[in-house]
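A.B. asks: Can you read through this structure? Questions will come right after.
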Amino acid sequence: MKTLRVNAGDGYDILIERGLLKTCGEQIKTAVSAKKAAIISDSHVAPLYLETVQSSVRAAGMETVSYLFPAGESSKTTENLIRIVAFLADNGLTRKDCVIALGGGVCGDMAGFAAAVYLRGIHYIQIPTTLLAQVDSSVGGKTAVDLPQGKNLCGAFWQPSLVLIDPEVLNTLPAHYFSDGMGEVIKYGCIKSAPLFERLKNENARDIIDDVILECCAIKRGVVERDEKESGERALLNFGHTCGHAIEKLYDFSGISHGEAVGIGMVMISRAGESAGITEPGTADRIAALLEKYGLKTQTDLPVSQIVHNMAFDKKRTANGINLILLKKIGESFIKPSSLDEVNALFGIK
Ligand code: NAD
């Protein structure tokens with residue numbers, strides 16, 4: 001079993017092992033010694049894995065209750081959040097008990113937020129089942145639901161008590177969600193690890209996925225430990241996301257996935273960086289080639305001016321503009337606070 005300790009919140013372990021779902025109960029009991037566990041999952045994941053998790057948790061001596069919601073981002077609402085919190089109250093969960101998020105990023109974000117606000121905070125365990133959740137959203141304690149006004153606008157920083165990653169569950173994940181997760185994996189290579197980027201280029205990520213997950217979690221762990229609440233370095237994880245969010249918004253969040261939009265964003269900002277003499281020449285092409293290898297888009301027909309205009313409304317804008325994330329070269333990233341005029345100039349917009 002591979003273990004990473006995260007020194008954030010009360011401190012917690014990320015455990016990575018094939019078949020871990022079958023023995024998750026013992027690990028959970030050791031981490032939180034709960035009497036009762038509320039398993040939150042979605043309508044796609046539950047038929048595949050709920051029974052396994054439930055049996056293991058019960059075998060470890062905990063009582064279980066489970067709450068299922070319809071799969072998909074449209075479920076990540078305040079209404080569902082309140083339903084989950086009410087479910088925890090109806091089932092008498094106490095501060096000694098725990099929530100288990102069994103699913104992708106939607107489940108982890110919403111169950112994590114429910115755990116953050118129920119009784120002013122109870123333990124929760126992440127059991128991520130998508131690649132995106134295994135390499136990104138399950139680690140670091142960002143929890144949230146969406147508002148009609150925008151994604152993830154209502155949430156809290158609340159670190160999990162344990163993250164259990166079983167790479168075997170990726171065998172049932174539809175291919176386009178695997179590609180989506182690869183967008184985030186490639187991002188880690190771009191911002192922090194040239195060796196990871198090279199490995200993804202020279203090998204097939206599926207063949208080395210356990211190593212890839214470990215490396216991504218290790219990178220995220222380091223960033224989160226140094227900047228838990230995103231007042232500095234954690235913003236590097238947003239590489240490609242400011243352009244990406246603008247693109248997703250222009251597509252009205254349909255017809256393009258988050259991973260595809262971020263991929264296009266990473267190429268776009270790197271091309272702009274190259275033109276400005278900030279980014280090593282050839283970087284954008286190298287990123288585009290890797291995205292293509294893993295089935296992701298690298299460009300859009302949307303006019304650059306429209307994308308850049310929409311970036312000005314990003315929820316992470318500052319009073320003075322936007323914190324752009326740029327690469328010096330693959331594996332070396334930095335934050336460039338930029339006024340809107342500077343952003344326009346970088347993208348060659350008059
Ligand atoms: P998701 O949770 O909707 O999962 C994608 C789909 O895959 C769903 O239909 C789900 O039911 C299905 N699925 C999950 N695991 C499966 C499996 N093993 N086999 C078969 N089907 C499976 O989406 P996602 O891409 O995992 O996560 C996206 C969410 O993550 C967004 O809401 C985003 O805001 C959030 N996010 C959060 C953070 C964070 O730091 N908290 C970071 C990145 C993204």
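Labels used: A, B, ... for chains in the order of the structure tokens, numbers from 1 for residues in each chain, and numbers from 1 for ligands as shown.
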Within 6 Å of region 293-304 of chain A, counting only C-alpha atoms, which residues show up once you throw out same-chain ones fewer than 4 positions away? Write them as a tab-separated table (two decimals) with N, CA and C atoms, in the first residue's frame, please.
C.D. replies:
chain	number	residue	atom	x	y	z
A	179	SER	N	-10.38	10.63	-19.78
A	179	SER	CA	-9.68	11.71	-20.50
A	179	SER	C	-9.76	13.02	-19.73
A	260	GLU	N	-11.61	19.23	-21.11
A	260	GLU	CA	-11.35	19.76	-22.46
A	260	GLU	C	-11.11	21.26	-22.41
A	264	ILE	N	-7.64	23.30	-23.41
A	264	ILE	CA	-7.56	24.42	-24.37
A	264	ILE	C	-6.95	25.64	-23.67
A	288	ALA	N	-0.10	20.63	-26.29
A	288	ALA	CA	-1.18	20.25	-27.22
A	288	ALA	C	-1.01	18.79	-27.66
A.B. asks: Which residues form the shell of 7 Å around ligand 1 when you count only C-alpha atoms and all ligand atoms, given as a ChimeraX atom specification?
C.D. replies: /A:42-45,71-73,76,103-107,109,129-133,136-143,151-152,169-174,177,180-181
A.B. asks: Hey, what does DSSP flag as alpha helix (DSSP H) within region 63-113 of chain A? Can you give it to me as an MDAnalysis selection string?
C.D. replies: chainID A and resid 78:90 105:113
A.B. asks: Store the residues picked out above, limited to C-alpha atoms, as a PDB file, in the first residue's frame.
C.D. replies:
ATOM      1  CA  THR A  78     -27.893  23.714  -2.023  1.00  0.00           C
ATOM      2  CA  GLU A  79     -31.163  21.731  -2.101  1.00  0.00           C
ATOM      3  CA  ASN A  80     -29.309  18.405  -2.172  1.00  0.00           C
ATOM      4  CA  LEU A  81     -26.865  19.670   0.431  1.00  0.00           C
ATOM      5  CA  ILE A  82     -29.747  20.406   2.819  1.00  0.00           C
ATOM      6  CA  ARG A  83     -31.279  16.992   2.055  1.00  0.00           C
ATOM      7  CA  ILE A  84     -27.996  15.313   3.001  1.00  0.00           C
ATOM      8  CA  VAL A  85     -27.618  17.337   6.193  1.00  0.00           C
ATOM      9  CA  ALA A  86     -31.246  16.522   7.130  1.00  0.00           C
ATOM     10  CA  PHE A  87     -30.523  12.856   6.373  1.00  0.00           C
ATOM     11  CA  LEU A  88     -27.574  12.937   8.795  1.00  0.00           C
ATOM     12  CA  ALA A  89     -29.807  14.488  11.469  1.00  0.00           C
ATOM     13  CA  ASP A  90     -32.673  12.040  10.822  1.00  0.00           C
ATOM     14  CA  GLY A 105     -15.787  15.094  -7.565  1.00  0.00           C
ATOM     15  CA  VAL A 106     -19.467  15.984  -7.390  1.00  0.00           C
ATOM     16  CA  CYS A 107     -20.043  13.520  -4.563  1.00  0.00           C
ATOM     17  CA  GLY A 108     -16.828  14.452  -2.747  1.00  0.00           C
ATOM     18  CA  ASP A 109     -17.509  18.183  -2.930  1.00  0.00           C
ATOM     19  CA  MET A 110     -21.111  17.916  -1.751  1.00  0.00           C
ATOM     20  CA  ALA A 111     -20.662  15.219   0.920  1.00  0.00           C
ATOM     21  CA  GLY A 112     -17.555  17.058   2.159  1.00  0.00           C
ATOM     22  CA  PHE A 113     -19.504  20.295   2.482  1.00  0.00           C
TER      23      PHE A 113
END
A.B. asks: Residues at most 9 Å from Ile100 (chain A), counting only C-alpha atoms, excluding those fewer than 6 positions away in the same chain, as a PDB file with N, CA, C and O atoms, in the first residue's frame?
C.D. replies:
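around-v4.pdb, freshly written:
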ATOM      1  N   ALA A  37     -21.532   5.265  10.076  1.00  0.00           N
ATOM      2  CA  ALA A  37     -21.028   5.951   8.883  1.00  0.00           C
ATOM      3  C   ALA A  37     -22.179   6.187   7.915  1.00  0.00           C
ATOM      4  O   ALA A  37     -22.943   5.262   7.629  1.00  0.00           O
ATOM      5  N   ALA A  38     -22.282   7.434   7.443  1.00  0.00           N
ATOM      6  CA  ALA A  38     -23.283   7.749   6.415  1.00  0.00           C
ATOM      7  C   ALA A  38     -22.560   7.760   5.076  1.00  0.00           C
ATOM      8  O   ALA A  38     -21.692   8.611   4.844  1.00  0.00           O
ATOM      9  N   ILE A  39     -22.908   6.816   4.205  1.00  0.00           N
ATOM     10  CA  ILE A  39     -22.243   6.744   2.900  1.00  0.00           C
ATOM     11  C   ILE A  39     -23.067   7.546   1.900  1.00  0.00           C
ATOM     12  O   ILE A  39     -24.257   7.283   1.716  1.00  0.00           O
ATOM     13  N   ILE A  40     -22.424   8.530   1.286  1.00  0.00           N
ATOM     14  CA  ILE A  40     -23.097   9.349   0.274  1.00  0.00           C
ATOM     15  C   ILE A  40     -22.543   8.916  -1.082  1.00  0.00           C
ATOM     16  O   ILE A  40     -21.321   8.851  -1.268  1.00  0.00           O
ATOM     17  N   SER A  41     -23.444   8.625  -2.019  1.00  0.00           N
ATOM     18  CA  SER A  41     -22.974   8.185  -3.334  1.00  0.00           C
ATOM     19  C   SER A  41     -23.995   8.589  -4.398  1.00  0.00           C
ATOM     20  O   SER A  41     -25.069   9.105  -4.081  1.00  0.00           O
ATOM     21  N   GLY A 108     -17.809  14.039  -3.751  1.00  0.00           N
ATOM     22  CA  GLY A 108     -16.828  14.452  -2.747  1.00  0.00           C
ATOM     23  C   GLY A 108     -17.045  15.887  -2.299  1.00  0.00           C
ATOM     24  O   GLY A 108     -16.982  16.194  -1.110  1.00  0.00           O
ATOM     25  N   ALA A 111     -20.679  15.949  -0.353  1.00  0.00           N
ATOM     26  CA  ALA A 111     -20.662  15.219   0.920  1.00  0.00           C
ATOM     27  C   ALA A 111     -19.673  15.880   1.882  1.00  0.00           C
ATOM     28  O   ALA A 111     -19.923  15.974   3.086  1.00  0.00           O
ATOM     29  N   GLY A 112     -18.551  16.373   1.330  1.00  0.00           N
ATOM     30  CA  GLY A 112     -17.555  17.058   2.159  1.00  0.00           C
ATOM     31  C   GLY A 112     -18.131  18.326   2.766  1.00  0.00           C
ATOM     32  O   GLY A 112     -17.899  18.634   3.942  1.00  0.00           O
ATOM     33  N   HIS A 123     -16.250  14.284  10.942  1.00  0.00           N
ATOM     34  CA  HIS A 123     -15.239  13.625  10.097  1.00  0.00           C
ATOM     35  C   HIS A 123     -15.848  13.195   8.768  1.00  0.00           C
ATOM     36  O   HIS A 123     -17.003  12.781   8.715  1.00  0.00           O
ATOM     37  N   TYR A 124     -15.046  13.270   7.704  1.00  0.00           N
ATOM     38  CA  TYR A 124     -15.478  12.614   6.469  1.00  0.00           C
ATOM     39  C   TYR A 124     -14.295  11.938   5.786  1.00  0.00           C
ATOM     40  O   TYR A 124     -13.145  12.323   5.976  1.00  0.00           O
ATOM     41  N   ILE A 125     -14.649  10.896   5.050  1.00  0.00           N
ATOM     42  CA  ILE A 125     -13.667  10.069   4.365  1.00  0.00           C
ATOM     43  C   ILE A 125     -13.932  10.211   2.867  1.00  0.00           C
ATOM     44  O   ILE A 125     -15.081  10.117   2.434  1.00  0.00           O
ATOM     45  N   GLN A 126     -12.897  10.414   2.103  1.00  0.00           N
ATOM     46  CA  GLN A 126     -13.061  10.464   0.655  1.00  0.00           C
ATOM     47  C   GLN A 126     -12.703   9.103   0.054  1.00  0.00           C
ATOM     48  O   GLN A 126     -11.598   8.589   0.287  1.00  0.00           O
ATOM     49  N   ILE A 127     -13.636   8.537  -0.707  1.00  0.00           N
ATOM     50  CA  ILE A 127     -13.313   7.346  -1.517  1.00  0.00           C
ATOM     51  C   ILE A 127     -13.600   7.740  -2.971  1.00  0.00           C
ATOM     52  O   ILE A 127     -14.692   7.535  -3.497  1.00  0.00           O
TER      53      ILE A 127
END
A.B. asks: When you look at region 197-208 of chain A with a cut-off of 10 Å (counting only C-alpha atoms), what residues show up, excluding the ones that are within fewer than 6 positions of it in the same chain? I need them as an NGL selection string.
C.D. replies: :A and (170-171 or 178 or 182 or 185-191 or 286-287 or 289-291 or 293-294 or 330-331)
A.B. asks: Quick one: write out the picked residues with all heavy atoms as a short mmCIF file (atom, residue, chain, number, x, y, z; two decimals), in the first residue's frame?
C.D. replies:
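Below is the file that was written, out32.cif:
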data_model
loop_
_atom_site.label_atom_id
_atom_site.label_comp_id
_atom_site.auth_asym_id
_atom_site.auth_seq_id
_atom_site.Cartn_x
_atom_site.Cartn_y
_atom_site.Cartn_z
N LEU A 170 -11.30 2.51 -11.60
CA LEU A 170 -11.22 3.25 -12.87
C LEU A 170 -11.57 2.35 -14.06
O LEU A 170 -11.86 2.84 -15.15
CB LEU A 170 -9.84 3.88 -13.06
CG LEU A 170 -9.43 4.89 -11.98
CD1 LEU A 170 -8.02 5.42 -12.25
CD2 LEU A 170 -10.42 6.05 -11.91
N ASN A 171 -11.57 1.03 -13.84
CA ASN A 171 -11.92 0.10 -14.93
C ASN A 171 -13.36 0.30 -15.40
O ASN A 171 -13.67 -0.04 -16.54
CB ASN A 171 -11.74 -1.36 -14.48
CG ASN A 171 -10.27 -1.68 -14.26
OD1 ASN A 171 -9.41 -0.99 -14.81
ND2 ASN A 171 -9.98 -2.68 -13.46
N PHE A 178 -12.25 9.47 -18.06
CA PHE A 178 -10.82 9.20 -17.86
C PHE A 178 -10.01 10.31 -18.54
O PHE A 178 -9.09 10.89 -17.95
CB PHE A 178 -10.44 7.81 -18.41
CG PHE A 178 -9.03 7.42 -18.05
CD1 PHE A 178 -8.77 6.77 -16.86
CD2 PHE A 178 -7.96 7.73 -18.89
CE1 PHE A 178 -7.46 6.42 -16.51
CE2 PHE A 178 -6.66 7.40 -18.55
CZ PHE A 178 -6.41 6.73 -17.37
N MET A 182 -7.34 13.12 -17.17
CA MET A 182 -6.00 13.27 -17.72
C MET A 182 -5.66 14.74 -17.94
O MET A 182 -4.49 15.13 -17.90
CB MET A 182 -5.86 12.48 -19.03
CG MET A 182 -5.65 10.98 -18.85
SD MET A 182 -4.31 10.55 -17.72
CE MET A 182 -2.90 11.25 -18.57
N VAL A 185 -4.16 15.66 -14.77
CA VAL A 185 -2.86 14.98 -14.63
C VAL A 185 -1.79 15.74 -15.42
O VAL A 185 -0.69 16.02 -14.93
CB VAL A 185 -2.97 13.51 -15.10
CG1 VAL A 185 -1.59 12.87 -15.19
CG2 VAL A 185 -3.87 12.70 -14.17
N ILE A 186 -2.13 16.08 -16.67
CA ILE A 186 -1.18 16.81 -17.53
C ILE A 186 -0.86 18.17 -16.90
O ILE A 186 0.27 18.64 -16.93
CB ILE A 186 -1.75 16.94 -18.96
CG1 ILE A 186 -1.81 15.54 -19.61
CG2 ILE A 186 -0.94 17.92 -19.81
CD1 ILE A 186 -2.61 15.46 -20.90
N LYS A 187 -1.88 18.77 -16.30
CA LYS A 187 -1.67 20.05 -15.61
C LYS A 187 -0.58 19.94 -14.55
O LYS A 187 0.31 20.79 -14.46
CB LYS A 187 -2.98 20.52 -14.96
CG LYS A 187 -2.86 21.79 -14.15
CD LYS A 187 -4.06 21.99 -13.23
CE LYS A 187 -3.99 21.11 -12.00
NZ LYS A 187 -5.13 21.27 -11.10
N TYR A 188 -0.61 18.87 -13.75
CA TYR A 188 0.42 18.69 -12.71
C TYR A 188 1.81 18.62 -13.34
O TYR A 188 2.77 19.19 -12.82
CB TYR A 188 0.18 17.40 -11.91
CG TYR A 188 -0.93 17.49 -10.89
CD1 TYR A 188 -2.09 16.74 -11.03
CD2 TYR A 188 -0.81 18.32 -9.78
CE1 TYR A 188 -3.11 16.80 -10.09
CE2 TYR A 188 -1.83 18.39 -8.84
CZ TYR A 188 -2.97 17.62 -8.99
OH TYR A 188 -3.97 17.69 -8.07
N GLY A 189 1.92 17.91 -14.47
CA GLY A 189 3.22 17.83 -15.15
C GLY A 189 3.66 19.21 -15.57
O GLY A 189 4.82 19.61 -15.37
N CYS A 190 2.72 19.97 -16.15
CA CYS A 190 3.05 21.32 -16.63
C CYS A 190 3.54 22.23 -15.51
O CYS A 190 4.54 22.94 -15.66
CB CYS A 190 1.82 21.97 -17.27
SG CYS A 190 1.33 21.23 -18.83
N ILE A 191 2.83 22.21 -14.38
CA ILE A 191 3.15 23.21 -13.35
C ILE A 191 4.30 22.81 -12.43
O ILE A 191 5.00 23.65 -11.89
CB ILE A 191 1.92 23.61 -12.48
CG1 ILE A 191 1.35 22.40 -11.72
CG2 ILE A 191 0.85 24.29 -13.33
CD1 ILE A 191 0.31 22.78 -10.66
N ARG A 286 3.96 21.31 -27.27
CA ARG A 286 4.22 20.07 -26.50
C ARG A 286 3.00 19.72 -25.65
O ARG A 286 2.61 18.55 -25.54
CB ARG A 286 5.44 20.25 -25.59
CG ARG A 286 6.76 20.29 -26.36
CD ARG A 286 7.93 20.54 -25.42
NE ARG A 286 8.16 19.43 -24.52
CZ ARG A 286 8.86 19.52 -23.39
NH1 ARG A 286 9.40 20.67 -23.02
NH2 ARG A 286 9.03 18.46 -22.62
N ILE A 287 2.39 20.73 -25.04
CA ILE A 287 1.19 20.47 -24.22
C ILE A 287 0.06 19.97 -25.12
O ILE A 287 -0.62 18.98 -24.80
CB ILE A 287 0.74 21.74 -23.45
CG1 ILE A 287 1.84 22.20 -22.49
CG2 ILE A 287 -0.55 21.50 -22.70
CD1 ILE A 287 1.59 23.55 -21.82
N ALA A 289 0.23 18.40 -27.95
CA ALA A 289 0.47 17.02 -28.41
C ALA A 289 0.10 16.01 -27.33
O ALA A 289 -0.48 14.96 -27.60
CB ALA A 289 1.94 16.86 -28.81
N LEU A 290 0.41 16.36 -26.07
CA LEU A 290 0.10 15.42 -24.98
C LEU A 290 -1.41 15.35 -24.74
O LEU A 290 -1.96 14.27 -24.50
CB LEU A 290 0.84 15.86 -23.70
CG LEU A 290 0.93 14.82 -22.60
CD1 LEU A 290 1.58 13.52 -23.11
CD2 LEU A 290 1.72 15.34 -21.40
N LEU A 291 -2.07 16.49 -24.82
CA LEU A 291 -3.54 16.49 -24.66
C LEU A 291 -4.18 15.63 -25.73
O LEU A 291 -5.08 14.83 -25.46
CB LEU A 291 -4.08 17.93 -24.74
CG LEU A 291 -3.73 18.87 -23.58
CD1 LEU A 291 -4.06 20.31 -23.95
CD2 LEU A 291 -4.48 18.47 -22.31
N LYS A 293 -2.89 13.16 -27.35
CA LYS A 293 -2.60 11.75 -27.09
C LYS A 293 -3.65 11.15 -26.16
O LYS A 293 -3.99 9.98 -26.28
CB LYS A 293 -1.19 11.62 -26.47
CG LYS A 293 -0.87 10.21 -26.02
CD LYS A 293 0.55 10.04 -25.51
CE LYS A 293 0.68 8.62 -24.94
NZ LYS A 293 1.96 8.34 -24.36
N TYR A 294 -4.15 11.95 -25.22
CA TYR A 294 -5.13 11.43 -24.26
C TYR A 294 -6.57 11.85 -24.59
O TYR A 294 -7.44 11.87 -23.73
CB TYR A 294 -4.71 11.83 -22.83
CG TYR A 294 -3.47 11.07 -22.43
CD1 TYR A 294 -2.21 11.68 -22.41
CD2 TYR A 294 -3.54 9.71 -22.15
CE1 TYR A 294 -1.07 10.96 -22.10
CE2 TYR A 294 -2.40 8.98 -21.82
CZ TYR A 294 -1.17 9.61 -21.81
OH TYR A 294 -0.04 8.88 -21.50
N ILE A 330 7.98 23.67 -19.20
CA ILE A 330 7.26 22.53 -18.62
C ILE A 330 7.86 22.20 -17.25
O ILE A 330 9.08 22.02 -17.13
CB ILE A 330 7.36 21.28 -19.54
CG1 ILE A 330 6.73 21.54 -20.91
CG2 ILE A 330 6.77 20.05 -18.86
CD1 ILE A 330 5.24 21.69 -20.94
N GLY A 331 6.99 22.15 -16.25
CA GLY A 331 7.44 21.81 -14.89
C GLY A 331 7.75 23.01 -14.03
O GLY A 331 8.00 22.87 -12.83
#
A.B. asks: Mind giving me the straight-line distance from CA of Ile16 (chain A) to CA of Ala116 (chain A) in Å, one decimal?
C.D. replies: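 Distance between the two atoms: 24.2 Å.
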A.B. asks: Measuring between only C-alpha atoms, which one of A:Gly183, A:Leu196, A:Thr77, A:Ile307 shows the shortest distance to Gln149 (chain A)?
C.D. replies: A:Thr77
A.B. asks: Pick out the closest residue to Lys96 (chain A) from this set: A:Leu340, A:Ala194, A:Val32, A:Val57. Count only C-alpha atoms.
C.D. replies: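 Looking at the shortest contact to Lys96 (chain A), the residue is A:Val32.
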A.B. asks: Distance CA of Glu233 (chain A)-CA of Ile335 (chain A), one decimal place?
C.D. replies: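 Straight-line distance from CA of Glu233 (chain A) to CA of Ile335 (chain A) works out to 7.8 Å.
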A.B. asks: Let me make sure I understand: among A:Val53, A:Ala261, A:Ala175, A:Leu164, which one has the smallest atom-to-atom distance to Gln27 (chain A) if we use only C-alpha atoms?
C.D. replies: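 Once distances to Gln27 (chain A) are computed over only C-alpha atoms, the minimum belongs to A:Leu164.
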A.B. asks: What's around Leu4 (chain A) at 7 Å? Count only C-alpha atoms, leave out sequence neighbours fewer than 3 positions away in its own chain, and write the answer as an MDAnalysis selection string.
C.D. replies: chainID A and resid 13:15
